[in-house]
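> Pasting in a structure now, in structure tokens, and then I'll have a few things to ask.
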Amino acid sequence: MTDPNAHDAMTTQDERTDAASRASALLSELTAGEPLGSWSAPGRVNLIGEHTDYNDGFVLPFAIDRRTSVVAAERADGMLRVASTFAEQPVEVALADLPDLFPGSDVPEWAAYPIGVAWAAVAASGISPTRGLDLAIASDVPVGAGLSSSAAIEGATAAALNDLWSLGFDAVALARIGRTAENDAVGAPTGIMDQMAAMLGRTDAAIFLDCRSLDTEVVDLGFAAAGLDVLVIDTGVKHSHATGGYRDRRDACERGAHALGVPALRDVSVADLPRAEKLLDDTTFRRVRHIVTENERVRETVATLRESGPRAIGALLLASHASMRDDFEISVPELDTAVEAAVAAGAIGARMTGGGFGGAAIALVEHAAVERVGDAVRAAFDAAGYGAPSIFTVAASEGARRDT
């Protein structure tokens, strides 16, 4: 996906221009029509539980205080037009063409996210919308950093269309629409974790999600009360879920489940791993082992947060990163450097977050140590000859909403 936030990814939260204001300004360039409203949805940090979602497993994401905004105006010509601050030209399609638009459309990739949501919403609702719209999009969520900028676009668009087209969907249904758009319109074989986090996020809390049943529990994080910050270290190494590495990992998981005779790796326990090692080739076994042990780590993290608080989860974060590095092989040297340097400088725990092959790491850090840890990571990147990372803190925030 083309980076919609090439500037934002290198700035601190205080330096960013409000996405809603930028989306409103863009809409005024497109049309003289009055805005119908503004909607937004957040990016997310996955505290723990990577690649478990499409294996029907468990995840623990939280929505962050970086958001994508969609501002809408009405059109009278039966067209849907989307424009973004990160694209030179808007893209428009006829509402009448939406049902047959995907897959196989020549819509540019960036526009396939919001237009794909419209397509998926029409399919899910069975309606034939007649209210043409202009949608202007701006975002504060860095793209390619593992913070789910795509789900933020999908969530904001879905919330807007749900209101403007009177679809009547609840948050879980809108998350499903976002996943359909990403899977079938964009062609990225992701699970539903990102969309659920974007729709259901809560302030100061994470969402413990069962990706099979879509049952959720709100888990208080307690970071602020404990004097802790979540530091995001954006390596600047861009990744894309639509590329082959992600698909290869998913295929390996499906092969492993088939060989073990289960519907999904969610149904494999740690006690089953010796049998799996005998049945599977080494690479497939290690992919399976990551998913099985990661599911256990998610559940243990939830229990630890509730029983002992956030200062006790550091070892689980580090074990998760080691599993992604060694068994799932989705880390990169920049991510490993970020984790190692953060922990050496005093972070309680750290891990890569997101789909891997680039993106960001997170570190759980004492509030007073944020600057020291950030400086240590920058120095480690400089010593290794890597480009300077973008480092900023995030806080757990609420999910998709109508703002005005």
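Residue numbering restarts at 1 in every chain; chains get A, B, ... in the order shown in the structure tokens, and ligands count up from 1 in that same order.
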Quick one: everything within 12 Å of Asp163 of chain A, counting only C-alpha atoms, minus sequence neighbours fewer than 3 positions away in the same chain. Send it as a ChimeraX atom specification.
/A:36-39,72,121,131,156-160,166-170,174,401-402
> With all heavy atoms retained, export the selected residues as a CSV table (one decimal), in the first residue's frame.

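Output contents, as saved in out-v1.csv:
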chain,number,residue,atom,x,y,z
A,36,LEU,N,-21.5,16.1,5.6
A,36,LEU,CA,-22.6,15.4,6.2
A,36,LEU,C,-22.1,14.9,7.6
A,36,LEU,O,-23.0,14.5,8.5
A,36,LEU,CB,-23.0,14.2,5.4
A,36,LEU,CG,-23.6,14.5,4.0
A,36,LEU,CD1,-23.7,13.2,3.2
A,36,LEU,CD2,-25.0,15.1,4.2
A,37,GLY,N,-20.8,14.9,7.9
A,37,GLY,CA,-20.3,14.4,9.1
A,37,GLY,C,-18.9,14.0,9.0
A,37,GLY,O,-18.3,13.9,7.9
A,38,SER,N,-18.3,13.6,10.1
A,38,SER,CA,-16.9,13.1,10.2
A,38,SER,C,-16.9,11.9,11.0
A,38,SER,O,-17.4,11.9,12.1
A,38,SER,CB,-16.0,14.2,10.7
A,38,SER,OG,-14.7,13.7,10.9
A,39,TRP,N,-16.2,10.9,10.6
A,39,TRP,CA,-16.1,9.6,11.3
A,39,TRP,C,-14.6,9.2,11.4
A,39,TRP,O,-13.8,9.6,10.5
A,39,TRP,CB,-16.8,8.5,10.6
A,39,TRP,CG,-18.3,8.6,10.5
A,39,TRP,CD1,-19.2,8.0,11.3
A,39,TRP,CD2,-19.1,9.5,9.6
A,39,TRP,NE1,-20.5,8.4,11.0
A,39,TRP,CE2,-20.4,9.3,10.0
A,39,TRP,CE3,-18.7,10.4,8.6
A,39,TRP,CZ2,-21.4,10.0,9.3
A,39,TRP,CZ3,-19.7,11.1,8.0
A,39,TRP,CH2,-21.1,10.9,8.3
A,72,ALA,N,-17.5,13.2,4.8
A,72,ALA,CA,-18.4,12.9,3.7
A,72,ALA,C,-19.3,14.1,3.3
A,72,ALA,O,-19.6,14.9,4.1
A,72,ALA,CB,-19.3,11.7,4.0
A,121,ALA,N,-20.1,-3.9,2.1
A,121,ALA,CA,-21.3,-3.5,2.8
A,121,ALA,C,-22.5,-3.7,2.0
A,121,ALA,O,-23.6,-4.1,2.5
A,121,ALA,CB,-21.2,-2.0,3.2
A,131,ARG,N,-27.7,6.9,-2.6
A,131,ARG,CA,-27.1,8.2,-2.1
A,131,ARG,C,-25.6,8.2,-2.5
A,131,ARG,O,-24.8,7.6,-1.8
A,131,ARG,CB,-27.3,8.3,-0.6
A,131,ARG,CG,-26.9,9.7,0.0
A,131,ARG,CD,-27.1,9.7,1.5
A,131,ARG,NE,-27.3,11.1,2.0
A,131,ARG,CZ,-27.4,11.4,3.2
A,131,ARG,NH1,-27.3,10.5,4.2
A,131,ARG,NH2,-27.5,12.7,3.6
A,156,ALA,N,-13.2,3.5,9.7
A,156,ALA,CA,-13.8,4.8,9.5
A,156,ALA,C,-14.8,4.8,8.4
A,156,ALA,O,-15.8,5.4,8.5
A,156,ALA,CB,-12.6,5.8,9.3
A,157,THR,N,-14.4,4.2,7.3
A,157,THR,CA,-15.3,4.1,6.1
A,157,THR,C,-16.6,3.4,6.4
A,157,THR,O,-17.7,3.8,6.1
A,157,THR,CB,-14.6,3.5,4.9
A,157,THR,OG1,-13.4,4.2,4.6
A,157,THR,CG2,-15.5,3.5,3.7
A,158,ALA,N,-16.4,2.2,7.1
A,158,ALA,CA,-17.6,1.4,7.5
A,158,ALA,C,-18.5,2.1,8.4
A,158,ALA,O,-19.7,2.1,8.2
A,158,ALA,CB,-17.1,0.1,8.1
A,159,ALA,N,-17.9,2.9,9.4
A,159,ALA,CA,-18.8,3.6,10.3
A,159,ALA,C,-19.6,4.7,9.6
A,159,ALA,O,-20.8,4.9,9.8
A,159,ALA,CB,-17.9,4.2,11.4
A,160,ALA,N,-18.9,5.4,8.6
A,160,ALA,CA,-19.5,6.4,7.8
A,160,ALA,C,-20.7,5.9,7.0
A,160,ALA,O,-21.8,6.4,7.0
A,160,ALA,CB,-18.5,7.1,7.0
A,166,SER,N,-27.7,4.0,6.2
A,166,SER,CA,-28.7,3.4,7.1
A,166,SER,C,-28.6,1.9,7.1
A,166,SER,O,-29.7,1.2,6.9
A,166,SER,CB,-30.1,3.9,6.8
A,166,SER,OG,-30.2,5.3,6.9
A,167,LEU,N,-27.4,1.4,7.2
A,167,LEU,CA,-27.3,-0.1,7.1
A,167,LEU,C,-27.7,-0.8,8.3
A,167,LEU,O,-28.1,-2.0,8.3
A,167,LEU,CB,-25.8,-0.4,6.8
A,167,LEU,CG,-25.2,0.2,5.5
A,167,LEU,CD1,-23.8,-0.1,5.3
A,167,LEU,CD2,-26.0,-0.3,4.3
A,168,GLY,N,-27.5,-0.2,9.5
A,168,GLY,CA,-28.0,-0.8,10.7
A,168,GLY,C,-27.1,-1.9,11.3
A,168,GLY,O,-27.6,-2.8,12.1
A,169,PHE,N,-25.8,-2.0,10.9
A,169,PHE,CA,-24.9,-3.0,11.4
A,169,PHE,C,-24.4,-2.7,12.7
A,169,PHE,O,-24.1,-1.5,13.0
A,169,PHE,CB,-23.8,-3.2,10.4
A,169,PHE,CG,-24.2,-3.9,9.1
A,169,PHE,CD1,-23.9,-3.3,7.9
A,169,PHE,CD2,-24.8,-5.1,9.1
A,169,PHE,CE1,-24.2,-3.9,6.7
A,169,PHE,CE2,-25.1,-5.8,7.9
A,169,PHE,CZ,-24.9,-5.1,6.7
A,170,ASP,N,-24.1,-3.7,13.5
A,170,ASP,CA,-23.4,-3.5,14.8
A,170,ASP,C,-21.9,-3.5,14.5
A,170,ASP,O,-21.4,-3.7,13.4
A,170,ASP,CB,-23.8,-4.5,15.9
A,170,ASP,CG,-23.4,-5.9,15.5
A,170,ASP,OD1,-22.6,-6.2,14.6
A,170,ASP,OD2,-24.0,-6.8,16.2
A,174,LEU,N,-19.6,-4.7,11.2
A,174,LEU,CA,-18.8,-3.8,10.5
A,174,LEU,C,-17.3,-4.3,10.4
A,174,LEU,O,-16.6,-4.1,9.4
A,174,LEU,CB,-18.8,-2.4,11.1
A,174,LEU,CG,-20.2,-1.7,11.0
A,174,LEU,CD1,-20.1,-0.4,11.7
A,174,LEU,CD2,-20.6,-1.5,9.6
A,401,ARG,N,-15.9,5.7,15.6
A,401,ARG,CA,-17.0,6.6,16.1
A,401,ARG,C,-17.3,7.6,15.1
A,401,ARG,O,-16.5,7.9,14.2
A,401,ARG,CB,-16.5,7.2,17.4
A,401,ARG,CG,-15.4,8.2,17.2
A,401,ARG,CD,-14.7,8.7,18.5
A,401,ARG,NE,-13.7,9.7,18.2
A,401,ARG,CZ,-12.6,9.9,18.9
A,401,ARG,NH1,-12.4,9.2,20.0
A,401,ARG,NH2,-11.7,10.8,18.6
A,402,ARG,N,-18.5,8.2,15.3
A,402,ARG,CA,-18.8,9.5,14.6
A,402,ARG,C,-18.3,10.7,15.5
A,402,ARG,O,-18.7,10.7,16.6
A,402,ARG,CB,-20.3,9.6,14.4
A,402,ARG,CG,-20.7,10.8,13.6
A,402,ARG,CD,-22.1,10.8,13.1
A,402,ARG,NE,-22.3,12.0,12.3
A,402,ARG,CZ,-23.3,12.1,11.4
A,402,ARG,NH1,-24.2,11.1,11.3
A,402,ARG,NH2,-23.5,13.2,10.7
> Pull the alpha helix (DSSP H) assignments for segment 234-403 of chain A out of DSSP run on the backbone, and list those residues as a PyMOL selection string.
chain A and resi 244-260+273-279+282-307+314-326+333-344+370-384
> From segment 40-110 of chain A, collect each residue whose DSSP state is strand (DSSP E or B) and return the set as a ChimeraX atom specification.
/A:40-48,58-75,79-84,91-94
> Which of these, A:Pro42, A:Gly359, A:Pro90, A:Gly256, has the shortest distance to Glu154 of chain A once you count only C-alpha atoms?
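Going through A:Pro42, A:Gly359, A:Pro90, A:Gly256 one by one, the smallest distance to Glu154 of chain A is for A:Pro42.
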> Of the residues A:Val186, A:Ala344, A:Ala173, A:Ala94, which is the one nearest to Ser150 of chain A, using only C-alpha atoms?
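For Ser150 of chain A, the nearest of the given residues is A:Val186.
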> Could you give me, as a list in words, the residues within 12 Å of Asp97 of chain A, counting only C-alpha atoms and dropping anything in the same chain fewer than 2 positions from it?
Gly78, Met79, Leu80, Glu92, Val93, Ala94, Leu95, Pro99, Asp100, Leu101, Phe102, Ser105, Ile115, Ala118, Trp119, Val122, Ser128, Pro129 and Thr130 of chain A
> Can you pull out the residues contacting Gly354 of chain A? Cut-off 7 Å, using only C-alpha atoms, and skip same-chain residues under 3 positions away; I want them as a ChimeraX atom specification.
/A:46,50,146-147
> Save the residues we just selected, N, CA, C and O atoms, as a PDB file, in the first residue's frame?

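Below you can see again02.pdb, which holds the result:
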ATOM      1  N   ASN A  46      -0.990  -4.615  18.702  1.00  0.00           N
ATOM      2  CA  ASN A  46      -1.287  -5.935  19.224  1.00  0.00           C
ATOM      3  C   ASN A  46      -0.316  -6.215  20.362  1.00  0.00           C
ATOM      4  O   ASN A  46       0.884  -6.384  20.134  1.00  0.00           O
ATOM      5  N   GLU A  50       0.292 -12.992  17.735  1.00  0.00           N
ATOM      6  CA  GLU A  50       0.570 -12.661  16.331  1.00  0.00           C
ATOM      7  C   GLU A  50       0.358 -13.861  15.427  1.00  0.00           C
ATOM      8  O   GLU A  50       0.859 -14.960  15.700  1.00  0.00           O
ATOM      9  N   GLY A 146       2.954  -1.917  10.985  1.00  0.00           N
ATOM     10  CA  GLY A 146       2.352  -2.939  11.819  1.00  0.00           C
ATOM     11  C   GLY A 146       1.323  -2.403  12.791  1.00  0.00           C
ATOM     12  O   GLY A 146       0.964  -3.070  13.753  1.00  0.00           O
ATOM     13  N   LEU A 147       0.809  -1.185  12.530  1.00  0.00           N
ATOM     14  CA  LEU A 147      -0.187  -0.564  13.400  1.00  0.00           C
ATOM     15  C   LEU A 147      -1.578  -0.580  12.781  1.00  0.00           C
ATOM     16  O   LEU A 147      -2.487   0.089  13.249  1.00  0.00           O
TER      17      LEU A 147
END
> Could you check which of A:Val288, A:Leu209, A:Ala124, A:Leu228 is closest to Leu265 of chain A, using only C-alpha atoms?
A:Val288
> Just checking: using only C-alpha atoms, which residue out of A:Ala20, A:Ala361, A:Ala123, A:Val59 ends up closest to Gly191 of chain A?
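Smallest separation from Gly191 of chain A among the options: A:Val59.
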> Fewer than 2 positions away in the same chain doesn't count, so skip those; otherwise give me all residues within 7 Å of Ile207 of chain A, counting only C-alpha atoms, as a short mmCIF file (atom, residue, chain, number, x, y, z; two decimals) with N, CA, C and O atoms, in the first residue's frame.

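As a result, out.cif now contains:
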data_model
loop_
_atom_site.label_atom_id
_atom_site.label_comp_id
_atom_site.auth_asym_id
_atom_site.auth_seq_id
_atom_site.Cartn_x
_atom_site.Cartn_y
_atom_site.Cartn_z
N LEU A 60 -4.73 -10.19 21.73
CA LEU A 60 -4.95 -9.17 22.75
C LEU A 60 -4.51 -7.80 22.23
O LEU A 60 -3.50 -7.25 22.68
N PRO A 61 -5.26 -7.24 21.29
CA PRO A 61 -4.90 -5.93 20.75
C PRO A 61 -5.54 -4.79 21.55
O PRO A 61 -6.49 -5.00 22.31
N PHE A 62 -5.01 -3.59 21.36
CA PHE A 62 -5.72 -2.41 21.84
C PHE A 62 -5.66 -1.31 20.79
O PHE A 62 -4.67 -1.17 20.06
N ALA A 197 -10.35 -4.78 16.64
CA ALA A 197 -9.73 -3.78 17.51
C ALA A 197 -10.15 -2.38 17.11
O ALA A 197 -10.43 -1.53 17.97
N GLY A 201 -12.38 -0.93 20.28
CA GLY A 201 -11.39 -0.44 21.23
C GLY A 201 -12.00 0.32 22.39
O GLY A 201 -13.06 0.95 22.27
N ALA A 205 -7.74 0.06 27.89
CA ALA A 205 -8.03 -1.38 27.95
C ALA A 205 -7.65 -2.05 26.63
O ALA A 205 -7.56 -1.41 25.59
N LEU A 209 -9.76 -11.28 22.43
CA LEU A 209 -10.65 -11.74 21.36
C LEU A 209 -10.42 -13.21 21.05
O LEU A 209 -9.29 -13.63 20.81
N THR A 216 -15.61 -11.44 22.97
CA THR A 216 -14.59 -10.51 23.45
C THR A 216 -14.73 -10.27 24.94
O THR A 216 -15.83 -10.37 25.50
N GLU A 217 -13.61 -9.96 25.56
CA GLU A 217 -13.59 -9.51 26.94
C GLU A 217 -12.71 -8.26 27.01
O GLU A 217 -11.66 -8.21 26.37
N VAL A 218 -13.14 -7.28 27.77
CA VAL A 218 -12.34 -6.09 27.99
C VAL A 218 -11.35 -6.38 29.13
O VAL A 218 -11.75 -6.86 30.19
N VAL A 219 -10.07 -6.13 28.86
CA VAL A 219 -9.03 -6.39 29.85
C VAL A 219 -8.36 -5.07 30.20
O VAL A 219 -7.73 -4.43 29.35
#
> Tell me, as a PyMOL selection string, which residues lie within 9 Å of Asp65 of chain A, counting only C-alpha atoms; anything in the same chain fewer than 2 positions away does not count.
chain A and resi 13+42-44+63+67+141+394-398
> Set the distance at 8 Å and use only C-alpha atoms: which residues neighbour Val377 of chain A once local chain neighbours fewer than 5 positions away are removed? I'd like the list as number ranges by chain.
A: 337-338, 341-342
> I need the residue nearest Ile137 of chain A from this list: A:Ser69, A:Asn162, A:Asn183, A:Gln195. Use only C-alpha atoms for the distance.
A:Ser69
> Given the choices A:Thr235, A:Thr393, A:Val298, A:Trp165, which gets closest to Val339 of chain A if the distance is worked out from only C-alpha atoms?
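Smallest separation from Val339 of chain A among the options: A:Thr235.
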